[in-house]
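K.L.:
One structure, as structure tokens, below. Some questions next.
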Amino acid sequence: MEVRIGVSLGPGRSSAVTVRDGEVLRHVSGPDPAKLLGEVVRRHPDAAGLVIDVSSVLVEHVLHRHGELSPVAMIRVVPRAATDPALARHPDDVVERLVTRRYTVPGGHDLFGRELRPIDRGALHAVCQEIRQGPARHIAVVASGSPAQPRHEREVADALQAAMPDAEISVAYEFGGQGLAAREATVVLNAALSAAGGKILDVCERAARGTPFQIARGDGGWVSPSRLRTLPVLGIGAADALQLQGAAVLAGADDCRVLLDRAPHPLVGDVRHGLAAVRPQLVAGLGTALVVPTAALTRTGTSGPGDLALVKADRPAEELTCVGAALSRPTAWLDEIAFIESTAELDRVRRDAQARATAIATANGATPGSADVVEMSTVAVPYSPSGTVRVRVRVAGVPDA
């Protein structure tokens, strides 16, 4: 019977559990995350898996440790710059205060990838030169319509890299999703957390002493440390999803509603097929919406599926997080817009999205051939031409031994 380890790193106190067949063998905690992680690895050198949740530490950096975040230069690629100062900034203060300087490059596409305006290469060159003369080397780029056509974002990224080979660039098309504000928040947070996320992973690697590990992501799955170094925002919000999954595992339920004892109001969330129900939304604690999905939690009393048994989470939150981490799986998520004219074309779009999501899950550590679709939806986009659909696909696999 294999043992798996889940670890949750906190800003003040960290926890770890060892789990075998859904049963918690040992739960330990302490103030020093490196010491704690080193201890559990030393006790279980042959553990079948080690998954670490860093979501609380990432949020702590964003909210309270600004000095350890990277200064961010923000570039929007849109047909024209905002004339109203309120529209020129991000609507959420938690995002706006991370941006040291904003720039606009004329260009962009519409929802279907049609070019609204050719990219202004003269303006792009001027922006690159201005950023190069400043202190920021972490740059966030978002272009209108990039989920359908990322060409302008790629051109901006290429120009920035040529002008500043040492720059680290976050581009919105890597995350998918819809909504300029949510996509902008995602790339700004990703850029700001770049250096801090790398330092957190350095601590984990030293403490793990060569033991392979994975990092929990916001949808309750996990990604490789190398992937999180590039996309640290994927780790935000993981604790909520892991707590739902941990409570379900301890209750022996693959499908259930979990009641979490949260102040000031208890919250509930669904678990389906052993995975927390997630969606792109406002992230708890940050108060800003991201395009990367996190657990869909609601207050008690909110109506939900009547076919789900209710499970009350009666263990400490940090223990549930660790259990959920220990037994999490590699996952992938796609959220895209497509235009279809027939049922056959809809089937093709769905198959293509499933194939790409499966490839991502396999790259995240799923055993080849083990990834299954656990959620797929195609819904019409309101106020759009007939045939416009939003495609969401979620895939989970079995960890590659």
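Convention: chains lettered A, B, ... in structure tokens order; per-chain residue numbering from 1; ligands numbered from 1 as shown.
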Can you tell me which residues surround Gly179 of chain A at a distance of at most 12 Å, considering only C-alpha atoms, apart from same-chain residues fewer than 5 positions away, and format the answer as a ChimeraX atom specification?
P.N.:
/A:110-111,142-147,172-173,184-186,280-281,289-292,335-337
K.L.:
Near Ser55 of chain A, counting only C-alpha atoms, which residues have an atom at most 6 Å away, once you skip same-chain residues fewer than 2 positions from it, shown as a list of chain:residue names?
P.N.:
A:Asp53, A:Val57, A:Leu58, A:Gly235, A:Ile236, A:Gly237, A:Ala238
K.L.:
Residues as selected, N, CA, C and O atoms, written as a PDB file, in the first residue's frame, can you do that?
P.N.:
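New file part39.pdb:
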```
ATOM      1  N   ASP A  53       1.207  22.569  -1.467  1.00  0.00           N
ATOM      2  CA  ASP A  53       0.326  23.719  -1.694  1.00  0.00           C
ATOM      3  C   ASP A  53       1.040  24.985  -1.225  1.00  0.00           C
ATOM      4  O   ASP A  53       1.434  25.085  -0.061  1.00  0.00           O
ATOM      5  N   VAL A  57       0.936  31.207   0.787  1.00  0.00           N
ATOM      6  CA  VAL A  57       2.154  32.009   0.747  1.00  0.00           C
ATOM      7  C   VAL A  57       2.104  33.001  -0.414  1.00  0.00           C
ATOM      8  O   VAL A  57       2.510  34.166  -0.277  1.00  0.00           O
ATOM      9  N   LEU A  58       1.591  32.563  -1.562  1.00  0.00           N
ATOM     10  CA  LEU A  58       1.486  33.464  -2.711  1.00  0.00           C
ATOM     11  C   LEU A  58       0.547  34.625  -2.410  1.00  0.00           C
ATOM     12  O   LEU A  58       0.866  35.789  -2.702  1.00  0.00           O
ATOM     13  N   GLY A 235      -0.883  28.664  -8.962  1.00  0.00           N
ATOM     14  CA  GLY A 235      -0.953  28.140  -7.600  1.00  0.00           C
ATOM     15  C   GLY A 235      -1.939  28.861  -6.711  1.00  0.00           C
ATOM     16  O   GLY A 235      -2.276  28.372  -5.622  1.00  0.00           O
ATOM     17  N   ILE A 236      -2.434  30.018  -7.130  1.00  0.00           N
ATOM     18  CA  ILE A 236      -3.340  30.802  -6.295  1.00  0.00           C
ATOM     19  C   ILE A 236      -4.692  30.092  -6.165  1.00  0.00           C
ATOM     20  O   ILE A 236      -5.235  29.580  -7.139  1.00  0.00           O
ATOM     21  N   GLY A 237      -5.230  30.079  -4.950  1.00  0.00           N
ATOM     22  CA  GLY A 237      -6.557  29.517  -4.716  1.00  0.00           C
ATOM     23  C   GLY A 237      -6.604  28.017  -4.528  1.00  0.00           C
ATOM     24  O   GLY A 237      -7.688  27.448  -4.346  1.00  0.00           O
ATOM     25  N   ALA A 238      -5.457  27.353  -4.527  1.00  0.00           N
ATOM     26  CA  ALA A 238      -5.463  25.891  -4.469  1.00  0.00           C
ATOM     27  C   ALA A 238      -6.044  25.351  -3.167  1.00  0.00           C
ATOM     28  O   ALA A 238      -6.700  24.302  -3.161  1.00  0.00           O
TER      29      ALA A 238
END
```
K.L.:
Could you tell me, as a VMD selection string, which residues of segment 61-93 of chain A DSSP assigns to strand (DSSP E) when given the backbone?
P.N.:
chain A and resid 72 to 78
K.L.:
Return the single residue from A:Pro382, A:Pro266, A:Gly6, A:Gly221 that is closest to Ala361 of chain A, with distances computed using only C-alpha atoms.
P.N.:
A:Gly221
K.L.:
Mind checking DSSP for segment 268-346 of chain A and telling me the helix (DSSP H, G or I) residues as a ChimeraX atom specification?
P.N.:
/A:317-326,343-346
K.L.:
Using only all heavy atoms, please write the residues we just selected to a file, as an mmCIF file, in the first residue's frame.
P.N.:
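Here's the written file part_36.cif:
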```
data_model
loop_
_atom_site.group_PDB
_atom_site.id
_atom_site.type_symbol
_atom_site.label_atom_id
_atom_site.label_comp_id
_atom_site.auth_asym_id
_atom_site.auth_seq_id
_atom_site.Cartn_x
_atom_site.Cartn_y
_atom_site.Cartn_z
ATOM 1 N N ALA A 317 -8.699 22.907 8.819
ATOM 2 C CA ALA A 317 -8.579 23.289 7.413
ATOM 3 C C ALA A 317 -7.237 22.897 6.831
ATOM 4 O O ALA A 317 -7.146 22.399 5.702
ATOM 5 C CB ALA A 317 -8.814 24.786 7.255
ATOM 6 N N GLU A 318 -6.152 23.107 7.597
ATOM 7 C CA GLU A 318 -4.829 22.798 7.057
ATOM 8 C C GLU A 318 -4.643 21.303 6.833
ATOM 9 O O GLU A 318 -3.959 20.875 5.893
ATOM 10 C CB GLU A 318 -3.731 23.344 7.975
ATOM 11 C CG GLU A 318 -3.679 22.768 9.377
ATOM 12 C CD GLU A 318 -4.587 23.485 10.367
ATOM 13 O OE1 GLU A 318 -5.433 24.293 9.924
ATOM 14 O OE2 GLU A 318 -4.443 23.240 11.578
ATOM 15 N N GLU A 319 -5.281 20.471 7.675
ATOM 16 C CA GLU A 319 -5.189 19.030 7.474
ATOM 17 C C GLU A 319 -5.946 18.617 6.220
ATOM 18 O O GLU A 319 -5.467 17.789 5.428
ATOM 19 C CB GLU A 319 -5.744 18.286 8.688
ATOM 20 C CG GLU A 319 -5.627 16.768 8.570
ATOM 21 C CD GLU A 319 -6.100 16.042 9.812
ATOM 22 O OE1 GLU A 319 -6.294 16.696 10.851
ATOM 23 O OE2 GLU A 319 -6.284 14.808 9.734
ATOM 24 N N LEU A 320 -7.136 19.194 6.016
ATOM 25 C CA LEU A 320 -7.896 18.904 4.809
ATOM 26 C C LEU A 320 -7.127 19.314 3.560
ATOM 27 O O LEU A 320 -7.135 18.608 2.545
ATOM 28 C CB LEU A 320 -9.243 19.625 4.848
ATOM 29 C CG LEU A 320 -10.234 19.180 5.920
ATOM 30 C CD1 LEU A 320 -11.468 20.063 5.889
ATOM 31 C CD2 LEU A 320 -10.624 17.720 5.731
ATOM 32 N N THR A 321 -6.466 20.474 3.629
ATOM 33 C CA THR A 321 -5.663 20.936 2.485
ATOM 34 C C THR A 321 -4.588 19.924 2.149
ATOM 35 O O THR A 321 -4.371 19.585 0.976
ATOM 36 C CB THR A 321 -5.027 22.302 2.796
ATOM 37 O OG1 THR A 321 -6.046 23.246 3.095
ATOM 38 C CG2 THR A 321 -4.204 22.797 1.619
ATOM 39 N N CYS A 322 -3.905 19.434 3.176
ATOM 40 C CA CYS A 322 -2.813 18.483 2.950
ATOM 41 C C CYS A 322 -3.328 17.154 2.403
ATOM 42 O O CYS A 322 -2.701 16.547 1.519
ATOM 43 C CB CYS A 322 -2.044 18.256 4.245
ATOM 44 S SG CYS A 322 -1.117 19.694 4.826
ATOM 45 N N VAL A 323 -4.468 16.680 2.919
ATOM 46 C CA VAL A 323 -5.038 15.431 2.410
ATOM 47 C C VAL A 323 -5.418 15.589 0.942
ATOM 48 O O VAL A 323 -5.136 14.725 0.099
ATOM 49 C CB VAL A 323 -6.266 15.014 3.243
ATOM 50 C CG1 VAL A 323 -6.970 13.813 2.596
ATOM 51 C CG2 VAL A 323 -5.858 14.677 4.668
ATOM 52 N N GLY A 324 -6.075 16.727 0.632
ATOM 53 C CA GLY A 324 -6.432 16.980 -0.759
ATOM 54 C C GLY A 324 -5.224 17.056 -1.663
ATOM 55 O O GLY A 324 -5.246 16.569 -2.801
ATOM 56 N N ALA A 325 -4.134 17.652 -1.156
ATOM 57 C CA ALA A 325 -2.911 17.742 -1.949
ATOM 58 C C ALA A 325 -2.295 16.373 -2.171
ATOM 59 O O ALA A 325 -1.884 16.027 -3.284
ATOM 60 C CB ALA A 325 -1.907 18.672 -1.257
ATOM 61 N N ALA A 326 -2.234 15.578 -1.103
ATOM 62 C CA ALA A 326 -1.597 14.261 -1.204
ATOM 63 C C ALA A 326 -2.266 13.390 -2.251
ATOM 64 O O ALA A 326 -1.594 12.614 -2.946
ATOM 65 C CB ALA A 326 -1.634 13.569 0.161
ATOM 66 N N THR A 343 -23.662 20.840 -36.534
ATOM 67 C CA THR A 343 -23.434 19.893 -35.445
ATOM 68 C C THR A 343 -22.112 19.168 -35.624
ATOM 69 O O THR A 343 -21.387 18.923 -34.655
ATOM 70 C CB THR A 343 -24.576 18.870 -35.391
ATOM 71 O OG1 THR A 343 -25.816 19.556 -35.201
ATOM 72 C CG2 THR A 343 -24.380 17.886 -34.249
ATOM 73 N N ALA A 344 -21.779 18.846 -36.869
ATOM 74 C CA ALA A 344 -20.515 18.173 -37.140
ATOM 75 C C ALA A 344 -19.335 19.040 -36.733
ATOM 76 O O ALA A 344 -18.330 18.552 -36.186
ATOM 77 C CB ALA A 344 -20.415 17.813 -38.626
ATOM 78 N N GLU A 345 -19.444 20.344 -36.980
ATOM 79 C CA GLU A 345 -18.352 21.249 -36.611
ATOM 80 C C GLU A 345 -18.252 21.368 -35.093
ATOM 81 O O GLU A 345 -17.155 21.464 -34.547
ATOM 82 C CB GLU A 345 -18.570 22.623 -37.241
ATOM 83 C CG GLU A 345 -17.336 23.506 -37.156
ATOM 84 C CD GLU A 345 -17.455 24.731 -38.042
ATOM 85 O OE1 GLU A 345 -18.512 24.958 -38.641
ATOM 86 O OE2 GLU A 345 -16.455 25.464 -38.131
ATOM 87 N N LEU A 346 -19.395 21.341 -34.409
ATOM 88 C CA LEU A 346 -19.366 21.364 -32.943
ATOM 89 C C LEU A 346 -18.647 20.137 -32.404
ATOM 90 O O LEU A 346 -17.823 20.241 -31.483
ATOM 91 C CB LEU A 346 -20.788 21.425 -32.389
ATOM 92 C CG LEU A 346 -20.931 21.316 -30.863
ATOM 93 C CD1 LEU A 346 -20.193 22.450 -30.165
ATOM 94 C CD2 LEU A 346 -22.403 21.307 -30.463
#
```
K.L.:
Could you check the closest approach to Asp158 of chain A for each of A:Arg272, A:Arg390, A:Arg121, A:Arg97 and tell me which residue wins, using only C-alpha atoms?
P.N.:
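Among the listed residues, A:Arg121 lies closest to Asp158 of chain A.
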K.L.:
Which polymer residues have any atom within 10 Å of an atom of Pro225 of chain A, counting only C-alpha atoms, with same-chain residues fewer than 4 positions away left out, as a list in words?
P.N.:
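Near Pro225 of chain A, the qualifying residues are Ile52, Gly197, Gly198, Leu201, Asp202, Cys204, Glu205, Pro212, Phe213, Gln214, Ile215, Ala216, Arg229, Thr230, Leu231, Pro232 and Asn364 of chain A.
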K.L.:
Would you kindly return, as a PyMOL selection string, each protein, DNA or RNA residue with an atom no farther than 9 Å from any atom of Asp32 of chain A, considering only C-alpha atoms and excluding same-chain residues fewer than 2 positions away?
P.N.:
chain A and resi 12-14+29-30+34-37
K.L.:
With C-alpha atoms retained, export the selected residues as an mmCIF file, in the first residue's frame.
P.N.:
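part_17.cif was written with the following content:
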```
data_model
loop_
_atom_site.group_PDB
_atom_site.id
_atom_site.type_symbol
_atom_site.label_atom_id
_atom_site.label_comp_id
_atom_site.auth_asym_id
_atom_site.auth_seq_id
_atom_site.Cartn_x
_atom_site.Cartn_y
_atom_site.Cartn_z
ATOM 1 C CA GLY A 12 2.948 31.596 9.791
ATOM 2 C CA ARG A 13 2.515 27.850 10.133
ATOM 3 C CA SER A 14 2.870 24.951 7.722
ATOM 4 C CA SER A 29 2.763 21.155 11.686
ATOM 5 C CA GLY A 30 5.346 23.779 12.544
ATOM 6 C CA ALA A 34 11.694 24.084 5.168
ATOM 7 C CA LYS A 35 12.238 22.118 8.385
ATOM 8 C CA LEU A 36 8.775 20.582 8.193
ATOM 9 C CA LEU A 37 9.147 19.549 4.560
#
```
K.L.:
So that I can see what lies close to Val391 of chain A, please list as an MDAnalysis selection string the residues with an atom at most 12 Å from it, counting only C-alpha atoms and leaving out residues fewer than 2 positions away in the same chain.
P.N.:
chainID A and resid 147 176:178 333:340 346:354 357 375:381 388:389 393:394
K.L.:
Restricting it to N, CA, C and O atoms, dump the selection as a compact mmCIF listing (two decimals), in the first residue's frame.
P.N.:
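Okay, this is what ended up in part.txt:
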```
# COMPACT_ATOMS: atom_id res chain seq x y z
N PRO A 147 -7.32 35.38 -26.94
CA PRO A 147 -7.69 33.96 -26.84
C PRO A 147 -8.01 33.33 -28.19
O PRO A 147 -7.80 32.14 -28.41
N GLY A 176 -5.76 31.60 -21.51
CA GLY A 176 -7.10 31.49 -22.07
C GLY A 176 -8.08 32.34 -21.29
O GLY A 176 -7.72 33.33 -20.65
N GLY A 177 -9.35 31.94 -21.29
CA GLY A 177 -10.35 32.66 -20.55
C GLY A 177 -10.88 33.88 -21.27
O GLY A 177 -10.41 34.24 -22.35
N GLN A 178 -11.88 34.52 -20.65
CA GLN A 178 -12.54 35.64 -21.28
C GLN A 178 -12.55 36.84 -20.34
O GLN A 178 -12.48 36.69 -19.12
N TRP A 333 -7.13 22.50 -18.01
CA TRP A 333 -8.37 23.26 -18.16
C TRP A 333 -8.23 24.14 -19.39
O TRP A 333 -7.22 24.83 -19.57
N LEU A 334 -9.25 24.13 -20.24
CA LEU A 334 -9.31 25.02 -21.40
C LEU A 334 -10.62 25.79 -21.35
O LEU A 334 -11.67 25.24 -21.00
N ASP A 335 -10.56 27.07 -21.72
CA ASP A 335 -11.75 27.93 -21.74
C ASP A 335 -11.62 28.81 -22.98
O ASP A 335 -10.84 29.77 -22.98
N GLU A 336 -12.37 28.48 -24.03
CA GLU A 336 -12.17 29.12 -25.33
C GLU A 336 -13.49 29.51 -25.99
O GLU A 336 -14.55 29.03 -25.61
N ILE A 337 -13.37 30.36 -27.00
CA ILE A 337 -14.50 30.75 -27.84
C ILE A 337 -14.33 30.09 -29.21
O ILE A 337 -13.23 30.05 -29.77
N ALA A 338 -15.43 29.55 -29.74
CA ALA A 338 -15.39 28.94 -31.07
C ALA A 338 -16.63 29.38 -31.85
O ALA A 338 -17.66 29.75 -31.26
N PHE A 339 -16.53 29.33 -33.18
CA PHE A 339 -17.66 29.67 -34.05
C PHE A 339 -18.00 28.45 -34.87
O PHE A 339 -17.15 27.90 -35.58
N ILE A 340 -19.23 27.98 -34.75
CA ILE A 340 -19.64 26.75 -35.43
C ILE A 340 -20.84 27.02 -36.33
O ILE A 340 -21.64 27.92 -36.08
N LEU A 346 -19.40 21.34 -34.41
CA LEU A 346 -19.37 21.36 -32.94
C LEU A 346 -18.65 20.14 -32.40
O LEU A 346 -17.82 20.24 -31.48
N ASP A 347 -18.93 18.97 -32.99
CA ASP A 347 -18.25 17.75 -32.56
C ASP A 347 -16.74 17.86 -32.78
O ASP A 347 -15.95 17.42 -31.94
N ARG A 348 -16.36 18.45 -33.92
CA ARG A 348 -14.92 18.60 -34.20
C ARG A 348 -14.26 19.53 -33.19
O ARG A 348 -13.16 19.25 -32.69
N VAL A 349 -14.93 20.64 -32.86
CA VAL A 349 -14.39 21.59 -31.88
C VAL A 349 -14.21 20.93 -30.52
O VAL A 349 -13.19 21.10 -29.84
N ARG A 350 -15.19 20.14 -30.12
CA ARG A 350 -15.12 19.46 -28.84
C ARG A 350 -13.99 18.43 -28.82
O ARG A 350 -13.24 18.32 -27.84
N ARG A 351 -13.85 17.67 -29.90
CA ARG A 351 -12.77 16.67 -29.97
C ARG A 351 -11.40 17.34 -29.93
O ARG A 351 -10.48 16.86 -29.26
N ASP A 352 -11.27 18.46 -30.66
CA ASP A 352 -9.99 19.16 -30.69
C ASP A 352 -9.64 19.70 -29.31
O ASP A 352 -8.49 19.57 -28.85
N ALA A 353 -10.61 20.31 -28.63
CA ALA A 353 -10.37 20.85 -27.28
C ALA A 353 -10.00 19.73 -26.32
O ALA A 353 -9.09 19.87 -25.49
N GLN A 354 -10.69 18.60 -26.42
CA GLN A 354 -10.39 17.47 -25.55
C GLN A 354 -8.97 16.95 -25.80
O GLN A 354 -8.24 16.65 -24.85
N ALA A 357 -6.47 19.47 -24.29
CA ALA A 357 -6.48 19.41 -22.83
C ALA A 357 -5.80 18.13 -22.33
O ALA A 357 -5.07 18.14 -21.34
N GLU A 375 -15.19 17.18 -17.15
CA GLU A 375 -16.16 18.25 -17.35
C GLU A 375 -15.99 18.83 -18.74
O GLU A 375 -14.88 19.11 -19.18
N MET A 376 -17.09 18.97 -19.47
CA MET A 376 -17.06 19.63 -20.77
C MET A 376 -18.39 20.33 -20.98
O MET A 376 -19.46 19.76 -20.74
N SER A 377 -18.32 21.57 -21.41
CA SER A 377 -19.55 22.32 -21.69
C SER A 377 -19.36 23.18 -22.92
O SER A 377 -18.26 23.69 -23.17
N THR A 378 -20.41 23.32 -23.70
CA THR A 378 -20.44 24.24 -24.83
C THR A 378 -21.73 25.02 -24.73
O THR A 378 -22.81 24.45 -24.84
N VAL A 379 -21.60 26.32 -24.47
CA VAL A 379 -22.79 27.16 -24.29
C VAL A 379 -22.71 28.35 -25.24
O VAL A 379 -21.62 28.85 -25.55
N ALA A 380 -23.87 28.78 -25.70
CA ALA A 380 -23.92 29.93 -26.59
C ALA A 380 -23.47 31.19 -25.86
O ALA A 380 -23.77 31.38 -24.68
N VAL A 381 -22.76 32.06 -26.56
CA VAL A 381 -22.29 33.32 -25.99
C VAL A 381 -23.37 34.38 -26.20
O VAL A 381 -23.75 34.65 -27.35
N THR A 388 -21.84 31.21 -32.09
CA THR A 388 -20.72 31.52 -31.20
C THR A 388 -20.90 30.76 -29.89
O THR A 388 -21.92 30.92 -29.21
N VAL A 389 -19.93 29.92 -29.53
CA VAL A 389 -20.04 29.11 -28.31
C VAL A 389 -18.78 29.26 -27.46
O VAL A 389 -17.68 29.52 -27.98
N VAL A 393 -13.29 22.77 -21.10
CA VAL A 393 -12.92 21.36 -20.97
C VAL A 393 -12.00 21.20 -19.76
O VAL A 393 -11.07 21.98 -19.58
N ARG A 394 -12.31 20.21 -18.95
CA ARG A 394 -11.46 19.87 -17.81
C ARG A 394 -11.10 18.41 -17.89
O ARG A 394 -11.97 17.55 -18.05
```
